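Undergrad: What follows is start19.pdb, PDB, C-alpha atoms.
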ATOM      1  CA  MET N1258      41.676  39.164 -22.848
ATOM      2  CA  ASN N1259      43.007  41.535 -20.153
ATOM      3  CA  ILE N1260      43.148  40.745 -16.443
ATOM      4  CA  MET N1261      40.083  42.869 -15.587
ATOM      5  CA  ASN N1262      37.924  41.063 -18.137
ATOM      6  CA  THR N1263      39.162  37.707 -16.857
ATOM      7  CA  LYS N1264      38.232  38.596 -13.259
ATOM      8  CA  SER N1265      34.803  39.803 -14.368
ATOM      9  CA  ALA N1266      34.230  36.559 -16.250
ATOM     10  CA  ILE N1267      35.221  34.547 -13.182
ATOM     11  CA  ARG N1268      32.885  36.582 -10.961
ATOM     12  CA  LEU N1269      30.063  36.135 -13.488
ATOM     13  CA  THR N1270      30.674  32.408 -13.686
ATOM     14  CA  SER N1271      30.723  32.070  -9.884
ATOM     15  CA  ALA N1272      27.521  34.078  -9.548
ATOM     16  CA  THR N1273      25.848  31.975 -12.226
ATOM     17  CA  LEU N1274      26.884  28.734 -10.545
ATOM     18  CA  ALA N1275      25.632  29.985  -7.180
ATOM     19  CA  ALA N1276      22.288  30.951  -8.703
ATOM     20  CA  LEU N1277      21.985  27.580 -10.402
ATOM     21  CA  GLY N1278      22.788  25.890  -7.099
ATOM     22  CA  LEU N1279      20.011  27.795  -5.340
ATOM     23  CA  LEU N1280      17.563  26.905  -8.089
ATOM     24  CA  ALA N1281      18.531  23.238  -7.872
ATOM     25  CA  ALA N1282      18.129  23.242  -4.080
ATOM     26  CA  ALA N1283      14.709  24.851  -4.412
ATOM     27  CA  ALA N1284      13.693  22.270  -6.986
ATOM     28  CA  LEU N1285      14.779  19.418  -4.705
ATOM     29  CA  ARG N1286      12.996  20.797  -1.625
ATOM     30  CA  ALA N1287       9.613  19.154  -1.081
ATOM     31  CA  ASP N1288       6.964  21.462   0.336
ATOM     32  CA  ASN N1289       4.274  20.123   2.674
ATOM     33  CA  ILE N1290       0.902  20.984   1.161
ATOM     34  CA  ASN N1291      -2.274  20.631   3.245
ATOM     35  CA  GLN N1292      -5.778  20.128   1.937
ATOM     36  CA  THR N1293      -7.997  22.987   3.099
ATOM     37  CA  ARG N1294     -11.514  21.644   2.490
ATOM     38  CA  THR N1295     -13.382  18.554   1.310
ATOM     39  CA  ALA N1296     -13.415  18.023  -2.434
ATOM     40  CA  ALA N1297     -16.788  18.514  -4.078
ATOM     41  CA  VAL N1298     -18.160  15.702  -6.252
ATOM     42  CA  ASN N1299     -16.710  17.251  -9.408
ATOM     43  CA  GLU N1300     -13.330  18.128  -7.858
ATOM     44  CA  SER N1301     -10.125  16.110  -7.543
ATOM     45  CA  TRP N1302      -6.469  16.411  -6.563
ATOM     46  CA  ALA N1303      -6.093  18.511  -9.732
ATOM     47  CA  THR N1304      -8.302  21.260  -8.243
ATOM     48  CA  PRO N1305      -6.010  24.132  -7.131
ATOM     49  CA  ALA N1306      -8.484  25.524  -4.579
ATOM     50  CA  LEU N1307      -8.231  22.342  -2.476
ATOM     51  CA  TRP N1308      -4.606  22.919  -1.505
ATOM     52  CA  SER N1309      -2.877  25.395   0.776
ATOM     53  CA  ASN N1310      -0.600  26.581  -2.055
ATOM     54  CA  ASN N1311      -3.615  27.165  -4.341
ATOM     55  CA  ALA N1312      -2.133  24.990  -7.079
ATOM     56  CA  GLU N1313      -3.030  21.573  -8.400
ATOM     57  CA  ALA N1314      -1.013  18.633  -7.086
ATOM     58  CA  SER N1315       2.391  18.580  -8.762
ATOM     59  CA  PRO N1316       5.695  16.650  -8.615
ATOM     60  CA  GLY N1317       8.089  17.183  -5.738
ATOM     61  CA  ASN N1318       5.608  18.121  -3.008
ATOM     62  CA  ALA N1319       4.241  16.106  -0.078
ATOM     63  CA  TYR N1320       0.448  16.299   0.245
ATOM     64  CA  PHE N1321      -1.756  15.792   3.324
ATOM     65  CA  THR N1322      -5.542  15.373   3.341
ATOM     66  CA  ASN N1323      -5.707  16.970   6.808
ATOM     67  CA  GLY N1324      -8.948  15.231   7.788
ATOM     68  CA  TYR N1325     -10.791  16.023   4.550
ATOM     69  CA  THR N1326     -12.073  13.910   1.651
ATOM     70  CA  LEU N1327      -9.881  13.878  -1.451
ATOM     71  CA  ARG N1328     -11.159  12.477  -4.731
ATOM     72  CA  THR N1329      -9.294  11.070  -7.698
ATOM     73  CA  PRO N1330     -10.262  12.388 -11.141
ATOM     74  CA  ASN N1331     -13.672  11.084 -12.204
ATOM     75  CA  VAL N1332     -12.843   8.823 -15.151
ATOM     76  CA  THR N1333     -15.336   6.165 -16.233
ATOM     77  CA  THR N1334     -12.880   4.371 -18.530
ATOM     78  CA  GLU N1335      -9.962   2.214 -17.398
ATOM     79  CA  ALA N1336      -7.474   5.001 -18.127
ATOM     80  CA  ASN N1337      -4.947   5.149 -15.290
ATOM     81  CA  GLN N1338      -4.902   8.268 -13.095
ATOM     82  CA  THR N1339      -1.516   8.879 -11.453
ATOM     83  CA  PHE N1340      -1.082  11.112  -8.429
ATOM     84  CA  PRO N1341       1.659  13.577  -9.428
ATOM     85  CA  GLY N1342       2.979  14.501  -5.974
ATOM     86  CA  ALA N1343       6.007  12.996  -4.236
ATOM     87  CA  SER N1344       3.757  11.503  -1.538
ATOM     88  CA  LEU N1345       0.161  11.527  -0.343
ATOM     89  CA  THR N1346      -0.752  11.132   3.332
ATOM     90  CA  VAL N1347      -4.395  10.306   4.020
ATOM     91  CA  ASP N1348      -5.007  10.979   7.702
ATOM     92  CA  GLY N1349      -6.985  13.045  10.171
ATOM     93  CA  ASP N1350      -6.085  16.580  11.126
ATOM     94  CA  GLY N1351      -4.476  15.594  14.428
ATOM     95  CA  GLY N1352      -6.652  18.085  16.281
ATOM     96  CA  SER N1353      -5.236  21.003  14.320
ATOM     97  CA  GLY N1354      -8.626  22.315  13.243
ATOM     98  CA  GLY N1355      -8.723  20.729   9.808
ATOM     99  CA  GLY N1356     -11.453  18.470   8.473
ATOM    100  CA  GLY N1357     -11.675  15.980  11.329
ATOM    101  CA  ALA N1358     -10.222  12.830  12.832
ATOM    102  CA  MET N1359     -10.267  10.799   9.598
ATOM    103  CA  GLY N1360      -9.007  11.470   6.093
ATOM    104  CA  THR N1361     -10.691   9.890   3.071
ATOM    105  CA  LEU N1362      -9.466   9.002  -0.406
ATOM    106  CA  SER N1363     -12.413   8.459  -2.729
ATOM    107  CA  LEU N1364     -11.494   6.400  -5.793
ATOM    108  CA  LYS N1365     -13.584   7.985  -8.534
ATOM    109  CA  SER N1366     -11.302   6.635 -11.262
ATOM    110  CA  ARG N1367     -11.296   2.940 -12.062
ATOM    111  CA  VAL N1368      -7.485   2.699 -12.002
ATOM    112  CA  THR N1369      -5.387   4.874  -9.682
ATOM    113  CA  THR N1370      -1.606   4.854  -9.214
ATOM    114  CA  ILE N1371       0.238   6.460  -6.292
ATOM    115  CA  ALA N1372       3.987   6.030  -5.816
ATOM    116  CA  ASP N1373       4.122   6.835  -2.092
ATOM    117  CA  LEU N1374       0.857   6.492  -0.147
ATOM    118  CA  ARG N1375       0.829   6.899   3.632
ATOM    119  CA  LEU N1376      -2.292   5.957   5.553
ATOM    120  CA  GLY N1377      -3.129   7.119   9.044
ATOM    121  CA  THR N1378      -6.693   7.178  10.330
ATOM    122  CA  ALA N1379      -7.979   6.789   6.816
ATOM    123  CA  LEU N1380     -10.790   5.500   4.648
ATOM    124  CA  ILE N1381     -10.132   4.321   1.094
ATOM    125  CA  SER N1382     -13.478   4.020  -0.656
ATOM    126  CA  ASN N1383     -14.531   2.819  -4.087
ATOM    127  CA  ALA N1384     -16.713   5.501  -5.645
ATOM    128  CA  ALA N1385     -15.917   4.593  -9.254
ATOM    129  CA  SER N1386     -18.677   4.061 -11.768
ATOM    130  CA  ASP N1387     -18.913   2.876 -15.347
ATOM    131  CA  GLY N1388     -22.698   3.012 -15.339
ATOM    132  CA  SER N1389     -23.154  -0.667 -14.500
ATOM    133  CA  GLY N1390     -23.277  -0.281 -10.719
ATOM    134  CA  ASN N1391     -20.659  -3.011 -10.287
ATOM    135  CA  THR N1392     -17.340  -1.272 -10.861
ATOM    136  CA  LEU N1393     -13.942  -2.526  -9.745
ATOM    137  CA  ALA N1394     -11.527   0.122  -8.475
ATOM    138  CA  THR N1395      -7.841  -0.785  -8.751
ATOM    139  CA  LEU N1396      -5.324   1.039  -6.570
ATOM    140  CA  ASN N1397      -1.667   0.570  -7.542
ATOM    141  CA  VAL N1398       0.865   1.678  -4.921
ATOM    142  CA  THR N1399       4.650   1.361  -4.953
ATOM    143  CA  ASP N1400       5.216   2.103  -1.247
ATOM    144  CA  LEU N1401       2.180   1.785   1.016
ATOM    145  CA  THR N1402       2.851   2.777   4.629
ATOM    146  CA  VAL N1403       0.269   2.215   7.370
ATOM    147  CA  LEU N1404       1.292   4.610  10.120
ATOM    148  CA  ASP N1405       1.987   3.412  13.652
ATOM    149  CA  GLY N1406      -1.048   3.341  15.927
ATOM    150  CA  LYS N1407      -3.444   4.162  13.079
ATOM    151  CA  THR N1408      -6.161   2.143  11.317
ATOM    152  CA  ALA N1409      -6.731   2.482   7.587
ATOM    153  CA  THR N1410      -9.872   0.932   6.133
ATOM    154  CA  LEU N1411     -10.741  -0.274   2.632
ATOM    155  CA  ASN N1412     -14.437   0.188   2.003
ATOM    156  CA  GLY N1413     -16.752  -0.257  -0.973
ATOM    157  CA  THR N1414     -19.423   2.414  -1.353
ATOM    158  CA  ASN N1415     -22.259   0.764  -3.236
ATOM    159  CA  SER N1416     -23.144  -2.916  -3.504
ATOM    160  CA  ASN N1417     -20.491  -4.973  -5.326
ATOM    161  CA  GLN N1418     -18.069  -2.069  -5.774
ATOM    162  CA  ASN N1419     -14.933  -4.108  -5.234
ATOM    163  CA  ILE N1420     -11.359  -2.965  -4.576
ATOM    164  CA  TYR N1421      -8.143  -4.460  -5.958
ATOM    165  CA  LEU N1422      -5.109  -3.308  -3.954
ATOM    166  CA  ASN N1423      -1.846  -3.869  -5.819
ATOM    167  CA  VAL N1424       1.204  -3.003  -3.681
ATOM    168  CA  THR N1425       4.931  -3.350  -4.283
ATOM    169  CA  ASN N1426       6.091  -2.682  -0.695
ATOM    170  CA  LEU N1427       3.839  -2.784   2.368
ATOM    171  CA  LEU N1428       5.432  -0.816   5.204
ATOM    172  CA  GLY N1429       4.611   0.527   8.659
ATOM    173  CA  SER N1430       3.109  -0.901  11.826
ATOM    174  CA  GLY N1431      -0.530   0.163  11.834
ATOM    175  CA  THR N1432      -3.689  -1.788  10.974
ATOM    176  CA  LEU N1433      -4.949  -2.283   7.426
ATOM    177  CA  SER N1434      -8.582  -3.317   7.722
ATOM    178  CA  ILE N1435     -11.227  -4.569   5.315
ATOM    179  CA  ASN N1436     -14.826  -3.513   5.842
ATOM    180  CA  ASN N1437     -18.340  -3.747   4.446
ATOM    181  CA  THR N1438     -20.757  -6.379   3.249
ATOM    182  CA  ALA N1439     -20.957  -8.096  -0.145
ATOM    183  CA  ARG N1440     -17.712  -6.633  -1.463
ATOM    184  CA  THR N1441     -14.655  -8.446  -2.740
ATOM    185  CA  TYR N1442     -11.263  -7.098  -1.719
ATOM    186  CA  THR N1443      -8.197  -8.457  -3.493
ATOM    187  CA  LEU N1444      -4.695  -8.086  -2.073
ATOM    188  CA  ALA N1445      -1.666  -8.443  -4.342
ATOM    189  CA  ILE N1446       1.352  -7.462  -2.244
ATOM    190  CA  ASP N1447       4.865  -8.188  -3.512
ATOM    191  CA  ASP N1448       6.814  -7.556  -0.298
ATOM    192  CA  ALA N1449       5.321  -7.267   3.191
ATOM    193  CA  THR N1450       8.349  -8.444   5.176
ATOM    194  CA  ALA N1451       8.948  -4.955   6.616
ATOM    195  CA  PHE N1452       5.325  -4.587   7.748
ATOM    196  CA  THR N1453       4.896  -5.160  11.486
ATOM    197  CA  GLY N1454       1.222  -4.295  11.762
ATOM    198  CA  ILE N1455      -2.031  -6.205  11.290
ATOM    199  CA  ILE N1456      -4.223  -6.989   8.299
ATOM    200  CA  SER N1457      -7.774  -7.586   9.490
ATOM    201  CA  THR N1458     -11.431  -7.662   8.494
ATOM    202  CA  LEU N1459     -13.880  -5.578  10.508
ATOM    203  CA  GLY N1460     -17.370  -6.796   9.746
ATOM    204  CA  GLY N1461     -19.873  -7.970   7.191
ATOM    205  CA  ASN N1462     -19.655 -10.981   4.917
ATOM    206  CA  ALA N1463     -16.924  -9.557   2.719
ATOM    207  CA  THR N1464     -14.671 -11.717   0.541
ATOM    208  CA  LEU N1465     -10.914 -11.257   0.883
ATOM    209  CA  VAL N1466      -8.745 -12.711  -1.886
ATOM    210  CA  ILE N1467      -5.003 -13.326  -1.505
ATOM    211  CA  ALA N1468      -3.860 -12.927  -5.122
ATOM    212  CA  SER N1469      -0.083 -13.158  -4.637
ATOM    213  CA  ASP N1470       2.155 -14.949  -2.152
ATOM    214  CA  LEU N1471       1.889 -12.810   0.973
ATOM    215  CA  ASN N1472       4.826 -13.078   3.348
ATOM    216  CA  LEU N1473       3.553 -11.244   6.418
ATOM    217  CA  ILE N1474       6.253 -12.797   8.525
ATOM    218  CA  ASN N1475       6.633  -9.869  10.938
ATOM    219  CA  GLY N1476       2.962  -8.947  11.186
ATOM    220  CA  ALA N1477      -0.366 -10.594  11.979
ATOM    221  CA  PHE N1478      -3.557 -11.515  10.143
ATOM    222  CA  SER N1479      -7.065 -11.555  11.585
ATOM    223  CA  VAL N1480     -10.475 -12.230  10.023
ATOM    224  CA  ASN N1481     -13.954 -12.386  11.494
ATOM    225  CA  THR N1482     -16.097 -15.496  11.202
ATOM    226  CA  VAL N1483     -18.365 -14.158   8.447
ATOM    227  CA  THR N1484     -15.529 -13.221   6.088
ATOM    228  CA  SER N1485     -14.677 -15.515   3.181
ATOM    229  CA  LEU N1486     -10.914 -15.882   2.714
ATOM    230  CA  VAL N1487      -9.792 -17.072  -0.721
ATOM    231  CA  LEU N1488      -6.210 -18.362  -0.664
ATOM    232  CA  ASN N1489      -5.292 -18.239  -4.336
ATOM    233  CA  LYS N1490      -1.676 -17.982  -3.158
ATOM    234  CA  ASN N1491       0.181 -18.768   0.061
ATOM    235  CA  LEU N1492      -0.186 -16.660   3.185
ATOM    236  CA  VAL N1493       2.799 -16.800   5.567
ATOM    237  CA  VAL N1494       2.196 -15.257   8.976
ATOM    238  CA  PRO N1495       3.358 -15.888  12.573
ATOM    239  CA  SER N1496      -0.153 -15.418  13.969
ATOM    240  CA  PHE N1497      -3.519 -16.013  12.297
ATOM    241  CA  THR N1498      -6.794 -15.330  14.093
ATOM    242  CA  PHE N1499     -10.217 -16.496  12.936
ATOM    243  CA  GLY N1500     -12.889 -15.002  15.156
ATOM    244  CA  SER N1501     -11.546 -15.569  18.667
ATOM    245  CA  VAL N1502      -9.300 -18.541  17.836
ATOM    246  CA  THR N1503      -5.634 -18.003  17.021
ATOM    247  CA  LEU N1504      -3.207 -20.273  15.185
ATOM    248  CA  ASN N1505       0.374 -19.561  16.205
ATOM    249  CA  THR N1506       2.129 -22.938  16.311
ATOM    250  CA  LEU N1507       5.196 -22.301  14.194
ATOM    251  CA  GLY N1508       5.874 -24.641  11.317
ATOM    252  CA  GLU N1509       2.248 -25.630  10.711
ATOM    253  CA  ALA N1510       0.737 -25.397   7.222
ATOM    254  CA  TYR N1511      -2.964 -25.592   6.390
ATOM    255  CA  THR N1512      -4.865 -25.968   3.152
ATOM    256  CA  ALA N1513      -8.249 -24.299   2.791
ATOM    257  CA  ALA N1514      -9.962 -27.630   3.463
ATOM    258  CA  GLN N1515      -7.919 -28.160   6.623
ATOM    259  CA  LEU N1516      -8.750 -24.662   7.838
ATOM    260  CA  ASN N1517     -12.448 -25.333   7.295
ATOM    261  CA  ASP N1518     -12.156 -28.561   9.298
ATOM    262  CA  HIS N1519     -10.133 -26.901  12.044
ATOM    263  CA  PHE N1520     -12.508 -23.987  12.538
ATOM    264  CA  GLY N1521     -15.734 -25.821  11.643
ATOM    265  CA  THR N1522     -16.612 -23.444   8.814
ATOM    266  CA  THR N1523     -16.790 -23.119   5.034
ATOM    267  CA  ALA N1524     -15.141 -19.696   4.952
ATOM    268  CA  PHE N1525     -11.871 -20.812   3.334
ATOM    269  CA  SER N1526     -11.234 -21.698  -0.305
ATOM    270  CA  GLY N1527      -8.484 -21.597  -2.925
ATOM    271  CA  THR N1528      -5.424 -23.664  -3.794
ATOM    272  CA  GLY N1529      -2.940 -21.798  -1.597
ATOM    273  CA  SER N1530      -1.956 -22.555   1.985
ATOM    274  CA  LEU N1531      -1.769 -20.769   5.300
ATOM    275  CA  ILE N1532       1.734 -21.221   6.712
ATOM    276  CA  VAL N1533       2.469 -20.276  10.314
ATOM    277  CA  ALA N1534       6.081 -19.126  10.491
ATOM    278  CA  SER N1535       8.217 -16.478  12.156
ATOM    279  CA  SER N1536      11.032 -14.343  10.823
ATOM    280  CA  THR N1537      13.547 -16.643  12.527
ATOM    281  CA  ILE N1538      12.692 -19.464  10.125
ATOM    282  CA  PRO N1539      14.625 -19.257   6.842
ATOM    283  CA  GLU N1540      12.552 -18.723   3.740
ATOM    284  CA  PRO N1541      12.537 -21.533   1.125
ATOM    285  CA  ALA N1542      14.778 -19.517  -1.190
ATOM    286  CA  SER N1543      17.334 -19.105   1.603
ATOM    287  CA  VAL N1544      17.230 -22.815   2.395
ATOM    288  CA  ALA N1545      17.721 -23.665  -1.285
ATOM    289  CA  THR N1546      20.720 -21.324  -1.459
ATOM    290  CA  LEU N1547      22.304 -22.925   1.602
ATOM    291  CA  LEU N1548      21.768 -26.424   0.204
ATOM    292  CA  ALA N1549      23.288 -25.433  -3.132
ATOM    293  CA  ALA N1550      26.327 -23.976  -1.363
ATOM    294  CA  ALA N1551      26.733 -27.174   0.656
ATOM    295  CA  VAL N1552      26.634 -29.285  -2.508
ATOM    296  CA  MET N1553      29.244 -27.080  -4.195
ATOM    297  CA  LEU N1554      31.500 -27.330  -1.142
ATOM    298  CA  ALA N1555      31.204 -31.118  -1.112
ATOM    299  CA  VAL N1556      32.078 -31.317  -4.814
ATOM    300  CA  THR N1557      35.098 -29.038  -4.332
ATOM    301  CA  LEU N1558      36.430 -31.083  -1.416
ATOM    302  CA  ARG N1559      35.988 -34.323  -3.365
ATOM    303  CA  ARG N1560      37.979 -32.937  -6.312
ATOM    304  CA  ARG N1561      40.848 -31.946  -4.014
ATOM    305  CA  ARG N1562      41.259 -35.493  -2.691
TER     306      ARG N1562
END
In structure tokens, how does this file's structure come out?
TA:
Amino acid sequence: MNIMNTKSAIRLTSATLAALGLLAAAALRADNINQTRTAAVNESWATPALWSNNAEASPGNAYFTNGYTLRTPNVTTEANQTFPGASLTVDGDGGSGGGGAMGTLSLKSRVTTIADLRLGTALISNAASDGSGNTLATLNVTDLTVLDGKTATLNGTNSNQNIYLNVTNLLGSGTLSINNTARTYTLAIDDATAFTGIISTLGGNATLVIASDLNLINGAFSVNTVTSLVLNKNLVVPSFTFGSVTLNTLGEAYTAAQLNDHFGTTAFSGTGSLIVASSTIPEPASVATLLAAAVMLAVTLRRRR
């Protein structure tokens, strides 16, 4: 190969690498895609005409409801429907002339999965149906962020349309509220230690079930006096309010029966406990680790004697 051919090959290789680099950068860049109108009954996030880029929701992009109602695909079976975008923000339009002050996510599918869901002034409603009129909607979220200063509400649509919220990480500092009468709302949250907001019930004789140990150690929990709270697992929180009465004496633990006696109600049930604790108190796992380390140190010192 002569020198000229070698230089041409080098230039070609450099140009190819540069082009590949630009393509990779474009692929990694997440575009912000706004919803432009409310989804019709037969439309979903897969409807191209709903989005500002005129394409169905796809991987890599960040999507915003912009004050409109977005629907999941209408699936009457238990087949999971996964949102394909990098993130979905359900919020109002912020006065920008979109759909209004509140964004809505209507769960038409019985099982919905979203990796990164961000809730502002938002309504999450169960609109699923299997023909029985009593359909559970399950929402699986890896990272659920409730935005600062905003209130996001879980709400059944028809009688007995319950919601099961399954979350890996609860984040943010807003308010996650439960609303509506005669519905059962189940919370299964793996990690809420980074959440500094409030979980509350708004009104109606709803039933709220704590299905996994909920360590809300940097947040607060509030229920009204007509809500039934089922403690199937432990609830750890620095401040718990029932109606207008607040429990915030650190270190106290209450069974459901003790809570009923304390508040003069029958609203509490389940085998779990309400534990009033702050983030300054070590968790049981941390205490166990410290005790184990102390035992090992004692054994080591004894062997050296």
Undergrad: Using the chain letters and numbers from the file, which residues does the PyMOL selection byres ((chain N and resi 1297) around 10) grab, as a list in words?
TA: Arg1294, Thr1295, Ala1296, Val1298, Asn1299, Glu1300, Ser1301, Thr1304, Leu1307, Thr1326, Leu1327 and Arg1328 of chain N
Undergrad: Evaluating the PyMOL selection byres ((chain N and resi 1397-1414) around 7) on the displayed file yields which residues, as a PyMOL selection string?
TA: chain N and resi 1369-1384+1395-1396+1415-1416+1418-1419+1422-1437+1440
Undergrad: Evaluate the PyMOL selection byres ((chain N and resi 1533) around 7) on the structure here and hand back the selected residues as a PyMOL selection string.
TA: chain N and resi 1493-1496+1505-1510+1531-1532+1534
Undergrad: Need to verify the contact set: N:Gly1324, 6 Å, all atoms listed in the file, exclusion of same-chain residues closer than 6 positions in sequence. Can you return it as a compact mmCIF listing (two decimals) with C-alpha atoms, in the frame of the given file?
TA:
# COMPACT_ATOMS: atom_id res chain seq x y z
CA ASP N 1348 -5.01 10.98 7.70
CA GLY N 1349 -6.98 13.04 10.17
CA ASP N 1350 -6.08 16.58 11.13
CA GLY N 1355 -8.72 20.73 9.81
CA GLY N 1356 -11.45 18.47 8.47
CA GLY N 1357 -11.68 15.98 11.33
CA ALA N 1358 -10.22 12.83 12.83
CA MET N 1359 -10.27 10.80 9.60
CA GLY N 1360 -9.01 11.47 6.09
Undergrad: Figure out the distance between atom CA of N:Phe1340 and atom CA of N:Tyr1320, please, to one decimal in Å.
TA: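 Pair atom CA of N:Tyr1320 / atom CA of N:Phe1340 returns 10.2 Å.
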Undergrad: Which one is closest to N:Asn1323: N:Ile1290, N:Ala1394, N:Leu1504, N:Ala1336? Count all atoms listed in the file.
TA: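 Going through N:Ile1290, N:Ala1394, N:Leu1504, N:Ala1336 one by one, the smallest distance to N:Asn1323 is for N:Ile1290.
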Undergrad: By how many Å are atom CA of N:Ser1309 and atom CA of N:Asn1289 apart?
TA: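 The value is 9.1 Å.
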Undergrad: Quick one: pull the distance between atom CA of N:Asn1462 and atom CA of N:Val1502, Å, one decimal.
TA: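 Atom CA of N:Val1502 lies 18.2 Å from atom CA of N:Asn1462.
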Undergrad: Using only C-alpha atoms, give me every residue within 9 Å of (-2.2, -22.5, 2.3) in file coordinates, as a PyMOL selection string.
TA: chain N and resi 1488-1493+1510-1513+1516+1527-1532
Undergrad: Of the candidates N:Gly1317, N:Gly1354, N:Pro1305, N:Gly1454, which shows the shortest atom-to-atom distance to N:Pro1341, using all atoms listed in the file?
TA: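 Of all the options, N:Gly1317 lies closest to N:Pro1341.
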Undergrad: Kindly indicate which residue among N:Ala1306, N:Leu1465, N:Ile1474, N:Ala1445 lies nearest to N:Ser1526, using all atoms listed in the file for the distances.
TA: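 That would be N:Leu1465, the residue with the smallest distance to N:Ser1526.
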Undergrad: For stretch 1447-1453 of chain N, what centre and edge lengths in Å (one decimal) does the axis-aligned box get once 6 Å is added on each side of all its listed atoms, as lines of an AutoDock Vina configuration file?
TA:
center_x = 6.9
center_y = -6.5
center_z = 4.0
size_x = 16.1
size_y = 15.9
size_z = 27.0
Undergrad: Would you list the residues near (-11.2, -17.6, 12.6) (no more than 8 Å away, in the coordinates of the file, using all atoms listed in the file) as a list in words?
TA: Ser1479, Val1480, Asn1481, Thr1482, Phe1497, Thr1498, Phe1499, Gly1500, Ser1501, Val1502, Thr1503 and Phe1520 of chain N
